[in-house]
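A.B. asks: Sharing target16.tsv here; it has TSV, N, CA and C atoms.
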```tsv
chain	number	residue	atom	x	y	z
S	19	MET	N	-7.48	-17.80	-17.88
S	19	MET	CA	-6.67	-18.18	-16.75
S	19	MET	C	-6.57	-17.05	-15.72
S	20	PHE	N	-6.43	-15.80	-16.19
S	20	PHE	CA	-6.36	-14.66	-15.31
S	20	PHE	C	-7.45	-13.68	-15.69
S	21	LYS	N	-8.02	-13.02	-14.69
S	21	LYS	CA	-8.97	-11.95	-14.97
S	21	LYS	C	-8.15	-10.67	-15.06
S	22	TRP	N	-8.06	-10.12	-16.26
S	22	TRP	CA	-7.21	-8.96	-16.45
S	22	TRP	C	-7.99	-7.79	-17.01
S	23	GLU	N	-7.50	-6.61	-16.71
S	23	GLU	CA	-8.05	-5.38	-17.27
S	23	GLU	C	-6.93	-4.35	-17.33
S	24	GLY	N	-7.12	-3.33	-18.12
S	24	GLY	CA	-6.11	-2.28	-18.22
S	24	GLY	C	-4.84	-2.73	-18.91
S	25	GLY	N	-4.95	-3.69	-19.83
S	25	GLY	CA	-3.78	-4.21	-20.51
S	25	GLY	C	-3.46	-3.45	-21.79
S	26	CYS	N	-2.31	-3.76	-22.36
S	26	CYS	CA	-1.93	-3.19	-23.65
S	26	CYS	C	-1.05	-4.20	-24.38
S	27	VAL	N	-0.83	-3.93	-25.65
S	27	VAL	CA	-0.01	-4.81	-26.48
S	27	VAL	C	1.24	-4.07	-26.93
S	28	VAL	N	2.40	-4.71	-26.75
S	28	VAL	CA	3.68	-4.21	-27.25
S	28	VAL	C	4.34	-5.37	-27.98
S	29	ASP	N	4.70	-5.16	-29.23
S	29	ASP	CA	5.34	-6.21	-30.05
S	29	ASP	C	4.57	-7.53	-30.02
S	30	ASP	N	3.27	-7.45	-30.22
S	30	ASP	CA	2.38	-8.62	-30.30
S	30	ASP	C	2.28	-9.41	-29.00
S	31	VAL	N	2.66	-8.83	-27.87
S	31	VAL	CA	2.53	-9.48	-26.57
S	31	VAL	C	1.60	-8.63	-25.70
S	32	LEU	N	0.63	-9.27	-25.04
S	32	LEU	CA	-0.31	-8.59	-24.16
S	32	LEU	C	0.30	-8.48	-22.77
S	33	TYR	N	0.27	-7.27	-22.20
S	33	TYR	CA	0.79	-7.03	-20.86
S	33	TYR	C	-0.33	-6.48	-19.98
S	34	TYR	N	-0.33	-6.88	-18.72
S	34	TYR	CA	-1.20	-6.25	-17.73
S	34	TYR	C	-0.59	-6.43	-16.36
S	35	PHE	N	-0.92	-5.53	-15.45
S	35	PHE	CA	-0.40	-5.59	-14.10
S	35	PHE	C	-1.41	-6.31	-13.22
S	36	ASP	N	-1.00	-7.42	-12.65
S	36	ASP	CA	-1.88	-8.29	-11.86
S	36	ASP	C	-1.74	-7.94	-10.38
S	37	ILE	N	-2.70	-7.15	-9.86
S	37	ILE	CA	-2.63	-6.80	-8.44
S	37	ILE	C	-3.21	-7.90	-7.57
S	38	ARG	N	-4.03	-8.76	-8.13
S	38	ARG	CA	-4.63	-9.85	-7.36
S	38	ARG	C	-3.68	-11.03	-7.21
S	39	GLY	N	-2.78	-11.19	-8.16
S	39	GLY	CA	-1.88	-12.34	-8.16
S	39	GLY	C	-0.48	-12.03	-7.70
S	40	GLY	N	-0.34	-11.12	-6.76
S	40	GLY	CA	0.98	-10.86	-6.18
S	40	GLY	C	1.65	-9.61	-6.69
S	41	LYS	N	0.92	-8.69	-7.31
S	41	LYS	CA	1.48	-7.45	-7.85
S	41	LYS	C	2.65	-7.75	-8.78
S	42	VAL	N	2.34	-8.38	-9.89
S	42	VAL	CA	3.35	-8.70	-10.90
S	42	VAL	C	2.85	-8.24	-12.27
S	43	LEU	N	3.78	-7.95	-13.14
S	43	LEU	CA	3.44	-7.64	-14.52
S	43	LEU	C	3.42	-8.96	-15.29
S	44	ARG	N	2.30	-9.29	-15.89
S	44	ARG	CA	2.16	-10.53	-16.65
S	44	ARG	C	2.16	-10.23	-18.14
S	45	ALA	N	2.66	-11.19	-18.90
S	45	ALA	CA	2.71	-11.06	-20.35
S	45	ALA	C	2.15	-12.33	-20.98
S	46	TYR	N	1.34	-12.16	-22.01
S	46	TYR	CA	0.80	-13.30	-22.76
S	46	TYR	C	1.32	-13.23	-24.18
S	47	ASP	N	2.07	-14.25	-24.57
S	47	ASP	CA	2.61	-14.34	-25.93
S	47	ASP	C	1.75	-15.31	-26.72
S	48	PRO	N	0.96	-14.82	-27.69
S	48	PRO	CA	0.07	-15.73	-28.42
S	48	PRO	C	0.82	-16.76	-29.26
S	49	ARG	N	2.06	-16.48	-29.63
S	49	ARG	CA	2.83	-17.47	-30.41
S	49	ARG	C	3.17	-18.69	-29.57
S	50	LYS	N	3.35	-18.48	-28.27
S	50	LYS	CA	3.67	-19.59	-27.37
S	50	LYS	C	2.45	-20.04	-26.58
S	51	SER	N	1.35	-19.30	-26.69
S	51	SER	CA	0.10	-19.59	-25.95
S	51	SER	C	0.36	-19.77	-24.46
S	52	SER	N	1.14	-18.84	-23.88
S	52	SER	CA	1.44	-18.97	-22.46
S	52	SER	C	1.60	-17.60	-21.80
S	53	TRP	N	1.31	-17.58	-20.49
S	53	TRP	CA	1.51	-16.40	-19.66
S	53	TRP	C	2.84	-16.53	-18.95
S	54	VAL	N	3.57	-15.43	-18.81
S	54	VAL	CA	4.80	-15.40	-18.02
S	54	VAL	C	4.78	-14.14	-17.16
S	55	VAL	N	5.53	-14.16	-16.08
S	55	VAL	CA	5.73	-12.98	-15.24
S	55	VAL	C	6.96	-12.26	-15.77
S	56	VAL	N	6.83	-10.96	-16.01
S	56	VAL	CA	7.95	-10.16	-16.48
S	56	VAL	C	8.93	-9.99	-15.32
S	57	LYS	N	10.19	-10.33	-15.55
S	57	LYS	CA	11.20	-10.30	-14.50
S	57	LYS	C	11.95	-8.96	-14.53
S	58	GLY	N	12.60	-8.65	-13.41
S	58	GLY	CA	13.43	-7.45	-13.34
S	58	GLY	C	12.73	-6.22	-12.80
S	59	LEU	N	11.47	-6.35	-12.38
S	59	LEU	CA	10.71	-5.19	-11.90
S	59	LEU	C	10.44	-5.25	-10.39
S	60	GLU	N	11.18	-6.05	-9.68
S	60	GLU	CA	10.93	-6.23	-8.26
S	60	GLU	C	11.07	-4.92	-7.49
S	61	ARG	N	12.04	-4.09	-7.86
S	61	ARG	CA	12.25	-2.81	-7.17
S	61	ARG	C	11.04	-1.90	-7.33
S	62	LEU	N	10.45	-1.92	-8.50
S	62	LEU	CA	9.28	-1.08	-8.77
S	62	LEU	C	8.11	-1.50	-7.90
S	63	VAL	N	7.88	-2.79	-7.80
S	63	VAL	CA	6.75	-3.30	-7.02
S	63	VAL	C	6.99	-3.11	-5.52
S	64	ALA	N	8.22	-3.27	-5.08
S	64	ALA	CA	8.54	-3.16	-3.65
S	64	ALA	C	8.49	-1.72	-3.16
S	65	ASP	N	8.55	-0.76	-4.06
S	65	ASP	CA	8.56	0.64	-3.69
S	65	ASP	C	7.20	1.02	-3.10
S	66	GLY	N	7.17	1.39	-1.85
S	66	GLY	CA	5.92	1.68	-1.15
S	66	GLY	C	5.18	2.91	-1.65
S	67	ARG	N	5.78	3.71	-2.54
S	67	ARG	CA	5.10	4.91	-3.03
S	67	ARG	C	3.98	4.58	-4.00
S	68	PHE	N	3.91	3.35	-4.45
S	68	PHE	CA	2.92	3.01	-5.46
S	68	PHE	C	1.66	2.47	-4.83
S	69	SER	N	0.60	2.54	-5.57
S	69	SER	CA	-0.72	2.26	-5.01
S	69	SER	C	-1.30	0.97	-5.55
S	70	GLU	N	-2.60	0.85	-5.45
S	70	GLU	CA	-3.28	-0.39	-5.78
S	70	GLU	C	-3.86	-0.46	-7.18
S	71	SER	N	-3.83	0.60	-7.94
S	71	SER	CA	-4.39	0.58	-9.30
S	71	SER	C	-3.30	0.85	-10.31
S	72	TYR	N	-3.21	-0.01	-11.30
S	72	TYR	CA	-2.18	0.09	-12.32
S	72	TYR	C	-2.84	0.00	-13.68
S	73	TYR	N	-2.38	0.83	-14.59
S	73	TYR	CA	-2.87	0.80	-15.97
S	73	TYR	C	-1.65	0.74	-16.87
S	74	THR	N	-1.74	-0.02	-17.94
S	74	THR	CA	-0.62	-0.13	-18.87
S	74	THR	C	-0.94	0.60	-20.17
S	75	GLY	N	0.11	1.02	-20.84
S	75	GLY	CA	0.01	1.64	-22.15
S	75	GLY	C	1.33	1.42	-22.85
S	76	SER	N	1.41	1.83	-24.09
S	76	SER	CA	2.68	1.71	-24.80
S	76	SER	C	3.06	3.05	-25.39
S	77	CYS	N	4.36	3.27	-25.45
S	77	CYS	CA	4.90	4.51	-26.00
S	77	CYS	C	6.22	4.19	-26.67
S	78	ASP	N	6.28	4.37	-27.98
S	78	ASP	CA	7.53	4.17	-28.73
S	78	ASP	C	8.10	2.76	-28.53
S	79	GLY	N	7.23	1.77	-28.52
S	79	GLY	CA	7.67	0.38	-28.39
S	79	GLY	C	8.04	-0.04	-26.99
S	80	LYS	N	7.79	0.83	-26.01
S	80	LYS	CA	8.08	0.50	-24.62
S	80	LYS	C	6.77	0.47	-23.84
S	81	LEU	N	6.80	-0.22	-22.72
S	81	LEU	CA	5.63	-0.33	-21.86
S	81	LEU	C	5.62	0.84	-20.88
S	82	VAL	N	4.45	1.38	-20.63
S	82	VAL	CA	4.29	2.45	-19.66
S	82	VAL	C	3.27	2.01	-18.62
S	83	LEU	N	3.62	2.13	-17.35
S	83	LEU	CA	2.70	1.84	-16.25
S	83	LEU	C	2.25	3.15	-15.63
S	84	PHE	N	0.93	3.29	-15.45
S	84	PHE	CA	0.36	4.43	-14.76
S	84	PHE	C	-0.16	3.93	-13.42
S	85	PHE	N	0.17	4.63	-12.34
S	85	PHE	CA	-0.22	4.22	-11.00
S	85	PHE	C	-1.23	5.21	-10.46
S	86	SER	N	-2.28	4.71	-9.86
S	86	SER	CA	-3.26	5.58	-9.22
S	86	SER	C	-3.82	4.84	-8.01
S	87	LYS	N	-4.73	5.47	-7.30
S	87	LYS	CA	-5.31	4.82	-6.13
S	87	LYS	C	-6.83	4.81	-6.28
S	88	ASP	N	-7.37	3.64	-6.43
S	88	ASP	CA	-8.82	3.44	-6.50
S	88	ASP	C	-9.50	4.33	-7.53
S	89	ARG	N	-8.84	4.57	-8.64
S	89	ARG	CA	-9.36	5.40	-9.74
S	89	ARG	C	-9.59	6.85	-9.36
S	90	ARG	N	-9.56	7.18	-8.09
S	90	ARG	CA	-9.73	8.57	-7.66
S	90	ARG	C	-8.39	9.01	-7.08
S	91	ILE	N	-7.72	9.92	-7.77
S	91	ILE	CA	-6.35	10.25	-7.41
S	91	ILE	C	-6.13	11.75	-7.42
S	92	LYS	N	-5.06	12.15	-6.82
S	92	LYS	CA	-4.63	13.55	-6.87
S	92	LYS	C	-3.54	13.72	-7.91
S	93	GLY	N	-3.06	12.65	-8.47
S	93	GLY	CA	-2.00	12.75	-9.45
S	93	GLY	C	-1.73	11.42	-10.11
S	94	ILE	N	-0.80	11.46	-11.04
S	94	ILE	CA	-0.43	10.25	-11.78
S	94	ILE	C	1.08	10.06	-11.69
S	95	ARG	N	1.47	8.86	-11.33
S	95	ARG	CA	2.88	8.46	-11.33
S	95	ARG	C	3.05	7.49	-12.49
S	96	CYS	N	4.15	7.59	-13.18
S	96	CYS	CA	4.33	6.81	-14.40
S	96	CYS	C	5.73	6.20	-14.43
S	97	ALA	N	5.83	5.00	-14.98
S	97	ALA	CA	7.13	4.34	-15.20
S	97	ALA	C	7.19	3.86	-16.64
S	98	GLN	N	8.29	4.16	-17.31
S	98	GLN	CA	8.51	3.67	-18.67
S	98	GLN	C	9.50	2.51	-18.59
S	99	ILE	N	9.14	1.39	-19.24
S	99	ILE	CA	9.89	0.14	-19.10
S	99	ILE	C	10.29	-0.39	-20.47
S	100	SER	N	11.59	-0.63	-20.65
S	100	SER	CA	12.08	-1.31	-21.85
S	100	SER	C	11.90	-2.81	-21.65
S	101	LEU	N	11.53	-3.51	-22.71
S	101	LEU	CA	11.28	-4.95	-22.63
S	101	LEU	C	12.28	-5.71	-23.47
S	102	GLU	N	12.69	-6.88	-22.97
S	102	GLU	CA	13.67	-7.71	-23.67
S	102	GLU	C	13.28	-9.17	-23.51
S	103	ARG	N	13.28	-9.90	-24.63
S	103	ARG	CA	13.04	-11.35	-24.59
S	103	ARG	C	14.37	-12.06	-24.42
S	104	ARG	N	14.39	-13.03	-23.52
S	104	ARG	CA	15.59	-13.84	-23.30
S	104	ARG	C	15.19	-15.30	-23.42
S	105	HIS	N	16.07	-16.08	-24.00
S	105	HIS	CA	15.80	-17.51	-24.19
S	105	HIS	C	16.91	-18.31	-23.53
S	106	HIS	N	16.72	-18.65	-22.28
S	106	HIS	CA	17.67	-19.46	-21.52
S	106	HIS	C	17.00	-20.79	-21.18
S	107	GLY	N	16.84	-21.62	-22.17
S	107	GLY	CA	16.15	-22.89	-21.95
S	107	GLY	C	14.65	-22.74	-22.08
S	108	ARG	N	14.11	-21.62	-21.61
S	108	ARG	CA	12.69	-21.32	-21.77
S	108	ARG	C	12.55	-19.82	-22.00
S	109	SER	N	11.48	-19.44	-22.56
S	109	SER	CA	11.27	-18.04	-22.93
S	109	SER	C	10.99	-17.19	-21.70
S	110	GLU	N	11.70	-16.07	-21.57
S	110	GLU	CA	11.50	-15.13	-20.48
S	110	GLU	C	11.39	-13.72	-21.06
S	111	ILE	N	10.69	-12.86	-20.36
S	111	ILE	CA	10.63	-11.45	-20.72
S	111	ILE	C	11.13	-10.67	-19.51
S	112	TRP	N	12.10	-9.78	-19.76
S	112	TRP	CA	12.69	-8.96	-18.72
S	112	TRP	C	12.33	-7.50	-18.97
S	113	GLY	N	12.06	-6.78	-17.89
S	113	GLY	CA	11.78	-5.35	-17.97
S	113	GLY	C	12.88	-4.56	-17.30
S	114	LYS	N	13.18	-3.40	-17.88
S	114	LYS	CA	14.17	-2.48	-17.30
S	114	LYS	C	13.49	-1.12	-17.16
S	115	ILE	N	13.51	-0.56	-15.97
S	115	ILE	CA	12.87	0.73	-15.72
S	115	ILE	C	13.74	1.83	-16.31
S	116	ASP	N	13.23	2.51	-17.34
S	116	ASP	CA	13.96	3.62	-17.95
S	116	ASP	C	13.82	4.87	-17.10
S	117	TRP	N	12.63	5.13	-16.63
S	117	TRP	CA	12.40	6.24	-15.71
S	117	TRP	C	11.09	6.02	-14.97
S	118	CYS	N	10.97	6.66	-13.83
S	118	CYS	CA	9.76	6.54	-13.02
S	118	CYS	C	9.64	7.82	-12.19
S	119	ASP	N	8.50	8.50	-12.32
S	119	ASP	CA	8.32	9.75	-11.60
S	119	ASP	C	6.86	10.19	-11.62
S	120	ASN	N	6.57	11.23	-10.87
S	120	ASN	CA	5.25	11.85	-10.93
S	120	ASN	C	5.16	12.62	-12.25
S	121	VAL	N	4.06	12.47	-12.97
S	121	VAL	CA	3.91	13.17	-14.24
S	121	VAL	C	2.80	14.20	-14.22
S	122	LEU	N	1.88	14.11	-13.28
S	122	LEU	CA	0.79	15.07	-13.20
S	122	LEU	C	0.23	15.08	-11.79
S	123	PHE	N	0.24	16.24	-11.16
S	123	PHE	CA	-0.38	16.39	-9.86
S	123	PHE	C	-1.19	17.67	-9.84
S	124	ARG	N	-2.39	17.57	-9.31
S	124	ARG	CA	-3.31	18.71	-9.27
S	124	ARG	C	-4.00	18.74	-7.91
S	125	SER	N	-4.60	19.87	-7.61
S	125	SER	CA	-5.37	19.95	-6.38
S	125	SER	C	-6.75	19.34	-6.54
S	126	ASP	N	-7.25	19.24	-7.79
S	126	ASP	CA	-8.55	18.63	-8.06
S	126	ASP	C	-8.38	17.12	-8.18
S	127	ASP	N	-9.45	16.40	-7.87
S	127	ASP	CA	-9.42	14.95	-8.06
S	127	ASP	C	-9.39	14.62	-9.54
S	128	LEU	N	-8.67	13.59	-9.88
S	128	LEU	CA	-8.60	13.08	-11.25
S	128	LEU	C	-9.21	11.69	-11.27
S	129	PHE	N	-9.74	11.29	-12.40
S	129	PHE	CA	-10.29	9.94	-12.54
S	129	PHE	C	-9.64	9.25	-13.72
S	130	VAL	N	-9.09	8.07	-13.49
S	130	VAL	CA	-8.51	7.27	-14.56
S	130	VAL	C	-9.55	6.23	-14.96
S	131	THR	N	-9.93	6.21	-16.23
S	131	THR	CA	-10.89	5.21	-16.68
S	131	THR	C	-10.22	4.16	-17.55
S	132	LYS	N	-9.29	4.58	-18.40
S	132	LYS	CA	-8.51	3.64	-19.20
S	132	LYS	C	-7.41	4.41	-19.91
S	133	THR	N	-6.45	3.67	-20.43
S	133	THR	CA	-5.37	4.31	-21.17
S	133	THR	C	-5.60	4.09	-22.66
S	134	LEU	N	-5.02	4.93	-23.46
S	134	LEU	CA	-5.14	4.85	-24.91
S	134	LEU	C	-3.76	5.00	-25.51
S	135	ASP	N	-3.34	4.04	-26.31
S	135	ASP	CA	-2.04	4.13	-26.96
S	135	ASP	C	-2.14	5.05	-28.16
S	136	VAL	N	-1.16	5.94	-28.28
S	136	VAL	CA	-1.10	6.86	-29.39
S	136	VAL	C	0.21	6.63	-30.12
S	137	ILE	N	0.12	6.44	-31.42
S	137	ILE	CA	1.30	6.21	-32.25
S	137	ILE	C	1.46	7.41	-33.17
S	138	LEU	N	2.63	8.03	-33.11
S	138	LEU	CA	2.92	9.20	-33.96
S	138	LEU	C	3.83	8.82	-35.09
```
Is it possible to express this structure as structure tokens?

C.D. replies:
Amino acid sequence: MFKWEGGCVVDDVLYYFDIRGGKVLRAYDPRKSSWVVVKGLERLVADGRFSESYYTGSCDGKLVLFFSKDRRIKGIRCAQISLERRHHGRSEIWGKIDWCDNVLFRSDDLFVTKTLDVIL
């Protein structure tokens, strides 16, 4: 249904940031066999500091978004998001931004190819 890349799995749900479909975070729950838009992240998307390339990862059961520009960047901005399932007549997933900031900036160009989840 969607052409996705740069996704990750948190609690058996696949997440990816859809820049082609309106800059939304989408989630696929295989138990329900359906895609939903993660709600509660409108402020993050509306913030003009973010660019056109997004990569997802997971850290300690939370979703992490990495922002870059056209894979060639001077730095990395990151947001950590807590996820919550809500059932109000239909299944919804809500995200809450725990923190969002620049995590790495250098004078040399950096290249983002993909993210890798590490579990300690």

A.B. asks: Distance atom N of Phe84 of chain S-atom CA of Tyr46 of chain S, one decimal place?

C.D. replies: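 Spanning atom N of Phe84 of chain S to atom CA of Tyr46 of chain S is a straight-line distance of 18.1 Å.
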
A.B. asks: Could you list as a list in words every residue that has an atom within 6.5 Å of (11.2, -0.6, -14.7), using the file's coordinates and counting only N, CA and C atoms?

C.D. replies: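 Looking at atoms near the point gives Gly58, Leu59, Leu62, Ala97, Gln98, Ile99, Ser100, Gly113, Lys114, Ile115, Asp116 and Trp117 of chain S.
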
A.B. asks: Quick one: distance from atom C of Gly75 of chain S to atom N of Val56 of chain S in Å, one decimal?

C.D. replies: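 Interatomic distance, atom C of Gly75 of chain S to atom N of Val56 of chain S: 15.2 Å.
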
A.B. asks: Can you work out which one of S:Ala45, S:Glu60, S:Gly25, S:Val121 has the shortest atom-to-atom distance to Ile94 of chain S, counting only N, CA and C atoms?

C.D. replies: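 Looking only at the distances to Ile94 of chain S, the closest residue turns out to be S:Val121.
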
A.B. asks: In file coordinates, which residues lie within 8 Å of (10.5, -9.5, -21.6) using all atoms listed in the file, given as a list in words?

C.D. replies: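 Here the neighbourhood of the point contains Val55, Val56, Lys57, Ser100, Leu101, Glu102, Arg103, Arg104, Ser109, Glu110, Ile111, Trp112, Gly113 and Lys114 of chain S.
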
A.B. asks: Using the selection just defined, write its residues with N, CA and C atoms as a PDB file, in the frame of the given file.

C.D. replies:
```pdb
ATOM      1  N   VAL S  55       5.530 -14.160 -16.080  1.00  0.00           N
ATOM      2  CA  VAL S  55       5.730 -12.980 -15.240  1.00  0.00           C
ATOM      3  C   VAL S  55       6.960 -12.260 -15.770  1.00  0.00           C
ATOM      4  N   VAL S  56       6.830 -10.960 -16.010  1.00  0.00           N
ATOM      5  CA  VAL S  56       7.950 -10.160 -16.480  1.00  0.00           C
ATOM      6  C   VAL S  56       8.930  -9.990 -15.320  1.00  0.00           C
ATOM      7  N   LYS S  57      10.190 -10.330 -15.550  1.00  0.00           N
ATOM      8  CA  LYS S  57      11.200 -10.300 -14.500  1.00  0.00           C
ATOM      9  C   LYS S  57      11.950  -8.960 -14.530  1.00  0.00           C
ATOM     10  N   SER S 100      11.590  -0.630 -20.650  1.00  0.00           N
ATOM     11  CA  SER S 100      12.080  -1.310 -21.850  1.00  0.00           C
ATOM     12  C   SER S 100      11.900  -2.810 -21.650  1.00  0.00           C
ATOM     13  N   LEU S 101      11.530  -3.510 -22.710  1.00  0.00           N
ATOM     14  CA  LEU S 101      11.280  -4.950 -22.630  1.00  0.00           C
ATOM     15  C   LEU S 101      12.280  -5.710 -23.470  1.00  0.00           C
ATOM     16  N   GLU S 102      12.690  -6.880 -22.970  1.00  0.00           N
ATOM     17  CA  GLU S 102      13.670  -7.710 -23.670  1.00  0.00           C
ATOM     18  C   GLU S 102      13.280  -9.170 -23.510  1.00  0.00           C
ATOM     19  N   ARG S 103      13.280  -9.900 -24.630  1.00  0.00           N
ATOM     20  CA  ARG S 103      13.040 -11.350 -24.590  1.00  0.00           C
ATOM     21  C   ARG S 103      14.370 -12.060 -24.420  1.00  0.00           C
ATOM     22  N   ARG S 104      14.390 -13.030 -23.520  1.00  0.00           N
ATOM     23  CA  ARG S 104      15.590 -13.840 -23.300  1.00  0.00           C
ATOM     24  C   ARG S 104      15.190 -15.300 -23.420  1.00  0.00           C
ATOM     25  N   SER S 109      11.480 -19.440 -22.560  1.00  0.00           N
ATOM     26  CA  SER S 109      11.270 -18.040 -22.930  1.00  0.00           C
ATOM     27  C   SER S 109      10.990 -17.190 -21.700  1.00  0.00           C
ATOM     28  N   GLU S 110      11.700 -16.070 -21.570  1.00  0.00           N
ATOM     29  CA  GLU S 110      11.500 -15.130 -20.480  1.00  0.00           C
ATOM     30  C   GLU S 110      11.390 -13.720 -21.060  1.00  0.00           C
ATOM     31  N   ILE S 111      10.690 -12.860 -20.360  1.00  0.00           N
ATOM     32  CA  ILE S 111      10.630 -11.450 -20.720  1.00  0.00           C
ATOM     33  C   ILE S 111      11.130 -10.670 -19.510  1.00  0.00           C
ATOM     34  N   TRP S 112      12.100  -9.780 -19.760  1.00  0.00           N
ATOM     35  CA  TRP S 112      12.690  -8.960 -18.720  1.00  0.00           C
ATOM     36  C   TRP S 112      12.330  -7.500 -18.970  1.00  0.00           C
ATOM     37  N   GLY S 113      12.060  -6.780 -17.890  1.00  0.00           N
ATOM     38  CA  GLY S 113      11.780  -5.350 -17.970  1.00  0.00           C
ATOM     39  C   GLY S 113      12.880  -4.560 -17.300  1.00  0.00           C
ATOM     40  N   LYS S 114      13.180  -3.400 -17.880  1.00  0.00           N
ATOM     41  CA  LYS S 114      14.170  -2.480 -17.300  1.00  0.00           C
ATOM     42  C   LYS S 114      13.490  -1.120 -17.160  1.00  0.00           C
TER      43      LYS S 114
END
```

A.B. asks: When DSSP works through the backbone of this structure, what residues of segment 25-56 of chain S end up as strand (DSSP E or B), shown as a list in words?

C.D. replies: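 Filtering segment 25-56 of chain S to strand (DSSP E or B) leaves Cys26, Val27, Val28, Val31, Leu32, Tyr33, Tyr34, Phe35, Asp36, Val42, Leu43, Arg44, Ala45, Tyr46, Asp47, Ser52, Trp53, Val54 and Val55 of chain S.
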
A.B. asks: Could you tell me how far atom CA of Leu32 of chain S sits from atom CA of Ser52 of chain S, in Å to one decimal place?

C.D. replies: 10.7 Å

A.B. asks: Excluding same-chain residues fewer than 6 positions from Gly24 of chain S, what lies within 6 Å of it counting only N, CA and C atoms, as a PyMOL selection string?

C.D. replies: chain S and resi 33-35+73-74

A.B. asks: Do a neighbour search on Cys96 of chain S at 7 Å with only C-alpha atoms, toss out local chain neighbours closer than 4 positions, and write the hits as a PDB file with N, CA and C atoms, in the frame of the given file.

C.D. replies:
```pdb
ATOM      1  N   VAL S  82       4.450   1.380 -20.630  1.00  0.00           N
ATOM      2  CA  VAL S  82       4.290   2.450 -19.660  1.00  0.00           C
ATOM      3  C   VAL S  82       3.270   2.010 -18.620  1.00  0.00           C
ATOM      4  N   LEU S  83       3.620   2.130 -17.350  1.00  0.00           N
ATOM      5  CA  LEU S  83       2.700   1.840 -16.250  1.00  0.00           C
ATOM      6  C   LEU S  83       2.250   3.150 -15.630  1.00  0.00           C
ATOM      7  N   PHE S  84       0.930   3.290 -15.450  1.00  0.00           N
ATOM      8  CA  PHE S  84       0.360   4.430 -14.760  1.00  0.00           C
ATOM      9  C   PHE S  84      -0.160   3.930 -13.420  1.00  0.00           C
ATOM     10  N   PHE S  85       0.170   4.630 -12.340  1.00  0.00           N
ATOM     11  CA  PHE S  85      -0.220   4.220 -11.000  1.00  0.00           C
ATOM     12  C   PHE S  85      -1.230   5.210 -10.460  1.00  0.00           C
ATOM     13  N   CYS S 118      10.970   6.660 -13.830  1.00  0.00           N
ATOM     14  CA  CYS S 118       9.760   6.540 -13.020  1.00  0.00           C
ATOM     15  C   CYS S 118       9.640   7.820 -12.190  1.00  0.00           C
ATOM     16  N   ASP S 119       8.500   8.500 -12.320  1.00  0.00           N
ATOM     17  CA  ASP S 119       8.320   9.750 -11.600  1.00  0.00           C
ATOM     18  C   ASP S 119       6.860  10.190 -11.620  1.00  0.00           C
ATOM     19  N   ASN S 120       6.570  11.230 -10.870  1.00  0.00           N
ATOM     20  CA  ASN S 120       5.250  11.850 -10.930  1.00  0.00           C
ATOM     21  C   ASN S 120       5.160  12.620 -12.250  1.00  0.00           C
ATOM     22  N   VAL S 121       4.060  12.470 -12.970  1.00  0.00           N
ATOM     23  CA  VAL S 121       3.910  13.170 -14.240  1.00  0.00           C
ATOM     24  C   VAL S 121       2.800  14.200 -14.220  1.00  0.00           C
TER      25      VAL S 121
END
```
